[in-house]
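Shown next: target-v7.csv, given as CSV, C-alpha atoms and all ligand atoms.
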```csv
chain,number,residue,atom,x,y,z
A,1,MET,CA,19.1,-13.5,-10.2
A,2,THR,CA,16.6,-13.3,-7.4
A,3,ALA,CA,13.2,-14.7,-7.9
A,4,GLU,CA,10.2,-12.4,-7.2
A,5,PRO,CA,8.5,-13.6,-4.1
A,6,PHE,CA,5.1,-15.2,-4.8
A,7,PRO,CA,2.6,-14.2,-3.7
A,8,PRO,CA,3.8,-10.6,-3.9
A,9,PRO,CA,3.9,-8.8,-0.6
A,10,LEU,CA,0.6,-7.0,0.3
A,11,ALA,CA,2.4,-3.7,0.3
A,12,GLU,CA,3.3,-4.2,-3.3
A,13,LEU,CA,-0.3,-4.9,-4.3
A,14,LEU,CA,-1.5,-1.9,-2.5
A,15,ALA,CA,1.1,0.3,-4.1
A,16,LEU,CA,0.1,-1.1,-7.5
A,17,ASP,CA,-3.5,-0.1,-6.7
A,18,HIS,CA,-2.2,3.5,-6.1
A,19,ARG,CA,-0.5,3.4,-9.5
A,20,ARG,CA,-3.8,2.3,-11.1
A,21,LEU,CA,-5.5,5.3,-9.4
A,22,ASP,CA,-2.7,7.6,-10.5
A,23,ASP,CA,-3.4,6.4,-14.0
A,24,LEU,CA,-7.1,7.1,-13.7
A,25,PHE,CA,-6.3,10.6,-12.4
A,26,GLY,CA,-3.8,11.1,-15.2
A,27,ARG,CA,-6.6,10.4,-17.7
A,28,PHE,CA,-8.7,13.1,-16.0
A,29,LEU,CA,-5.8,15.6,-16.4
A,30,THR,CA,-5.3,14.6,-20.0
A,31,ALA,CA,-9.0,15.0,-20.8
A,32,MET,CA,-8.9,18.4,-18.9
A,33,GLY,CA,-6.0,19.5,-21.1
A,34,ALA,CA,-7.9,18.5,-24.2
A,35,LYS,CA,-11.1,20.2,-22.8
A,36,ASP,CA,-12.9,16.9,-23.4
A,37,THR,CA,-15.7,17.2,-20.8
A,38,ALA,CA,-17.2,13.8,-21.5
A,39,ALA,CA,-13.8,12.1,-21.0
A,40,GLU,CA,-13.1,14.2,-17.8
A,41,THR,CA,-16.5,13.1,-16.4
A,42,ALA,CA,-15.8,9.4,-17.2
A,43,ALA,CA,-12.3,9.6,-15.7
A,44,ILE,CA,-13.3,11.3,-12.5
A,45,ARG,CA,-16.2,8.9,-11.9
A,46,ARG,CA,-13.9,5.9,-12.3
A,47,PHE,CA,-11.2,7.5,-10.1
A,48,ASP,CA,-13.8,8.3,-7.4
A,49,HIS,CA,-15.3,4.8,-7.5
A,50,ALA,CA,-11.8,3.2,-7.3
A,51,LEU,CA,-10.8,5.6,-4.5
A,52,ARG,CA,-13.8,4.6,-2.4
A,53,LEU,CA,-13.1,0.9,-2.8
A,54,HIS,CA,-9.4,1.3,-2.0
A,55,THR,CA,-9.9,3.5,1.1
A,56,ALA,CA,-12.8,1.3,2.4
A,57,LEU,CA,-10.5,-1.8,2.2
A,58,GLU,CA,-7.8,0.1,4.1
A,59,GLU,CA,-10.2,1.3,6.8
A,60,GLU,CA,-11.8,-2.1,7.2
A,61,HIS,CA,-8.8,-4.3,7.2
A,62,LEU,CA,-5.5,-2.3,7.5
A,63,PHE,CA,-6.0,0.9,9.5
A,64,PRO,CA,-8.9,0.1,11.9
A,65,ALA,CA,-10.0,2.7,14.3
A,66,VAL,CA,-9.7,2.2,18.0
A,67,PRO,CA,-13.3,1.1,19.0
A,68,GLY,CA,-15.5,4.1,19.7
A,69,GLN,CA,-12.9,6.6,18.6
A,70,LYS,CA,-13.1,6.9,14.8
A,71,LEU,CA,-11.3,10.1,13.9
A,72,VAL,CA,-10.7,11.5,17.4
A,73,ALA,CA,-7.5,10.7,19.3
A,74,ALA,CA,-7.9,8.1,22.0
A,75,PRO,CA,-6.3,8.8,25.3
A,76,GLY,CA,-2.7,7.4,25.3
A,77,GLU,CA,-2.8,7.0,21.5
A,78,SER,CA,0.3,5.2,20.2
A,79,ASP,CA,2.4,6.5,17.2
A,80,ARG,CA,0.9,3.8,15.1
A,81,GLU,CA,-2.7,4.6,16.1
A,82,ARG,CA,-2.0,8.3,15.4
A,83,LEU,CA,-0.6,7.5,12.0
A,84,PHE,CA,-3.6,5.3,11.1
A,85,ARG,CA,-6.1,7.8,12.4
A,86,GLU,CA,-4.5,10.6,10.4
A,87,LEU,CA,-4.6,8.4,7.3
A,88,ARG,CA,-8.3,7.8,7.9
A,89,LEU,CA,-8.8,11.5,8.2
A,90,GLU,CA,-7.0,12.1,4.9
A,91,HIS,CA,-9.3,9.6,3.3
A,92,VAL,CA,-12.3,11.6,4.4
A,93,GLN,CA,-10.7,14.8,2.9
A,94,ILE,CA,-9.6,13.2,-0.4
A,95,ARG,CA,-13.0,11.5,-0.9
A,96,GLU,CA,-14.7,14.9,-0.2
A,97,VAL,CA,-12.7,16.6,-3.0
A,98,SER,CA,-13.0,13.8,-5.4
A,99,GLY,CA,-16.8,13.4,-4.8
A,100,MET,CA,-17.2,17.2,-5.2
A,101,MET,CA,-15.4,17.1,-8.6
A,102,ALA,CA,-17.7,14.2,-9.7
A,103,ARG,CA,-20.8,16.0,-8.5
A,104,LEU,CA,-19.8,19.3,-10.2
A,105,LEU,CA,-19.3,17.5,-13.5
A,106,VAL,CA,-22.2,15.0,-13.4
A,107,GLU,CA,-24.9,16.9,-11.6
A,108,LYS,CA,-24.1,20.6,-12.0
A,109,ASN,CA,-22.3,20.7,-15.4
A,110,ASP,CA,-19.8,23.0,-13.6
A,111,VAL,CA,-16.7,22.2,-15.6
A,112,PRO,CA,-14.5,25.1,-14.4
A,113,GLY,CA,-15.5,24.4,-10.8
A,114,ALA,CA,-14.4,20.8,-11.1
A,115,ARG,CA,-11.2,21.7,-12.9
A,116,ALA,CA,-10.4,24.3,-10.2
A,117,LEU,CA,-10.2,21.4,-7.6
A,118,ALA,CA,-7.9,19.2,-9.6
A,119,GLY,CA,-4.6,20.6,-8.2
A,120,ASN,CA,-6.0,20.2,-4.6
A,121,LEU,CA,-6.9,16.6,-5.2
A,122,ALA,CA,-3.6,15.8,-6.9
A,123,ARG,CA,-1.6,17.3,-4.0
A,124,ARG,CA,-3.6,15.5,-1.3
A,125,TRP,CA,-3.6,12.1,-3.2
A,126,ASP,CA,0.2,12.2,-3.9
A,127,ALA,CA,1.0,13.2,-0.3
A,128,HIS,CA,-1.3,10.5,1.1
A,129,THR,CA,0.0,7.6,-1.1
A,130,THR,CA,3.6,8.6,-0.4
A,131,ARG,CA,3.0,8.6,3.3
A,132,GLU,CA,1.3,5.2,3.2
A,133,GLU,CA,3.9,3.6,1.1
A,134,LYS,CA,6.8,5.0,3.2
A,135,GLU,CA,5.4,4.9,6.7
A,136,ALA,CA,2.2,2.9,7.0
A,137,TYR,CA,2.5,-0.2,4.7
A,138,PRO,CA,5.8,-1.3,6.2
A,139,LEU,CA,4.0,-1.5,9.6
A,140,LEU,CA,1.5,-4.0,8.3
A,141,THR,CA,3.4,-7.1,9.4
A,142,ASP,CA,0.8,-8.6,11.8
A,143,LEU,CA,-2.4,-8.6,9.9
A,144,ASP,CA,-4.9,-11.3,10.7
A,145,PRO,CA,-4.9,-13.8,7.8
A,146,ALA,CA,-8.6,-13.4,7.1
A,147,GLY,CA,-8.2,-9.6,6.7
A,148,GLU,CA,-5.2,-10.0,4.5
A,149,ALA,CA,-7.0,-12.6,2.3
A,150,ALA,CA,-9.9,-10.2,2.0
A,151,VAL,CA,-7.7,-7.4,0.8
A,152,ARG,CA,-5.8,-9.6,-1.6
A,153,ASP,CA,-9.1,-10.9,-3.1
A,154,ALA,CA,-10.5,-7.5,-3.5
A,155,LEU,CA,-7.3,-6.1,-5.1
A,156,GLY,CA,-6.9,-9.1,-7.4
A,157,GLY,CA,-10.5,-8.9,-8.5
A,158,GLN,CA,-9.9,-5.3,-9.8
A,159,ALA,CA,-6.8,-6.1,-11.9
A,201,FE,FE,-5.2,5.4,2.0
A,202,FE,FE,-3.7,3.4,0.0
```
Rendering of file as structure tokens:
Amino acid sequence: MTAEPFPPPLAELLALDHRRLDDLFGRFLTAMGAKDTAAETAAIRRFDHALRLHTALEEEHLFPAVPGQKLVAAPGESDRERLFRELRLEHVQIREVSGMMARLLVEKNDVPGARALAGNLARRWDAHTTREEKEAYPLLTDLDPAGEAAVRDALGGQA
């Protein structure tokens, strides 16, 4: 029997946070199926909040931009820099759809409008988390200890 490494690898904690977000989105879909608008609103607000925390942590500590470049390709960009830039761009797009769904439900009372975006958000979120878990997290072997500690603290605090 092999003992589980302790502390668990950072990639494992990040993937667990994806599963927590999957669960929140699943609650939204369940509420949508039941046509329970109050539960839909509560679930998308929680998902949107958790999404913003998760992606902010990644952008601050894991996938930093080349200084001055943000979402635009730097000259001579490496494969790793390109992957990280594309993931930051996906964050912008995913937050946009999630934030729009929350606004439609909370501010505009536009339930069909919010429901119409659910498939778009599900596809983007699934593709993004799969890409991170397969391609990006395995590259995170040289994080500075302070950054890694900050991510571990933040993820542990949400458990
Ligand atoms: Fe991400
Ligand atoms: Fe992520």
Surroundings of ligand FE 201 (chain A) up to 10 Å, based on all atoms listed in the file, as a VMD selection string: chain A and resid 14 18 51 to 52 54 to 59 62 to 63 84 86 to 92 94 125 128 to 133 136 to 137
Straight-line distance linking CA of Arg27 in chain A with CA of Glu60 in chain A, stated in Å to one decimal: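 Distance reported for this atom pair: 28.3 Å.
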Atomic distance CA of Asn109 in chain A - CA of Gln93 in chain A, expressed in Å with one decimal: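 CA of Gln93 in chain A lies at a distance of 22.5 Å from CA of Asn109 in chain A.
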Residue with smallest distance to ligand FE 202 (chain A) - pool A:Glu135, A:Asp17, A:Glu40, A:Asp23, counting all atoms listed in the file: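 Using all atoms listed in the file, ligand FE 202 (chain A) sits closest to A:Asp17.
Note that the spacing between CA of Glu148 in chain A and CA of Leu10 in chain A amounts to 7.8 Å.
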Measuring between all atoms listed in the file, which one of A:Val106, A:Lys35, A:Asp126, A:Arg82 shows the shortest distance to ligand FE 202 (chain A)?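 Using all atoms listed in the file, ligand FE 202 (chain A) sits closest to A:Asp126.
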Hey, which of A:Arg115, A:Arg19, A:His49, A:Arg80 ends up closest to ligand FE 202 (chain A)? Count only C-alpha atoms and all ligand atoms.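 Of the candidates, the smallest distance to ligand FE 202 (chain A) is held by A:Arg19.
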Within 12 Å of (-7.2, 1.3, -12.1), in the coordinates the file gives, what residues turn up when you count all atoms listed in the file, written out as a PyMOL selection string? chain A and resi 14-27+43-51+53-54+155-159
Nearest candidate to ligand FE 202 (chain A) (options A:Leu143, A:Ala149, A:Pro5, A:Ala127; using all atoms listed in the file):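 Distance minimum relative to ligand FE 202 (chain A) lands on A:Ala127.
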Set the distance at 7 Å and use all atoms listed in the file: which residues neighbour Leu105 in chain A once local chain neighbours fewer than 4 positions away are removed? I'd like the list as a PyMOL selection string. chain A and resi 41+101+109-111+114
Hey, could you pull the box centre and edge lengths for range 57-74 of chain A, axis-aligned, 8 Å padding per side, all listed atoms, to one decimal in Å, as AutoDock Vina command-line options?
```
--center_x -10.5 --center_y 3.6 --center_z 12.1 --size_x 26.0 --size_y 31.8 --size_z 35.8
```
Check the smallest atom-to-atom distance from each of A:His61, A:Met32, A:Arg103, A:Ala116 to ligand FE 202 (chain A) using all atoms listed in the file, then report the winner.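 Counting all atoms listed in the file, the residue closest to ligand FE 202 (chain A) is A:His61.
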Once you count all atoms listed in the file, which residues end up no further than 6 Å from (5.0, -3.0, 1.6) in the file's frame, shown as JSON, numbers by chain? {"A": [11, 12, 137, 138]}
Of the residues A:Ala31, A:Ser98, A:Leu71, A:Val151, which is the one nearest to ligand FE 202 (chain A), using all atoms listed in the file? A:Val151
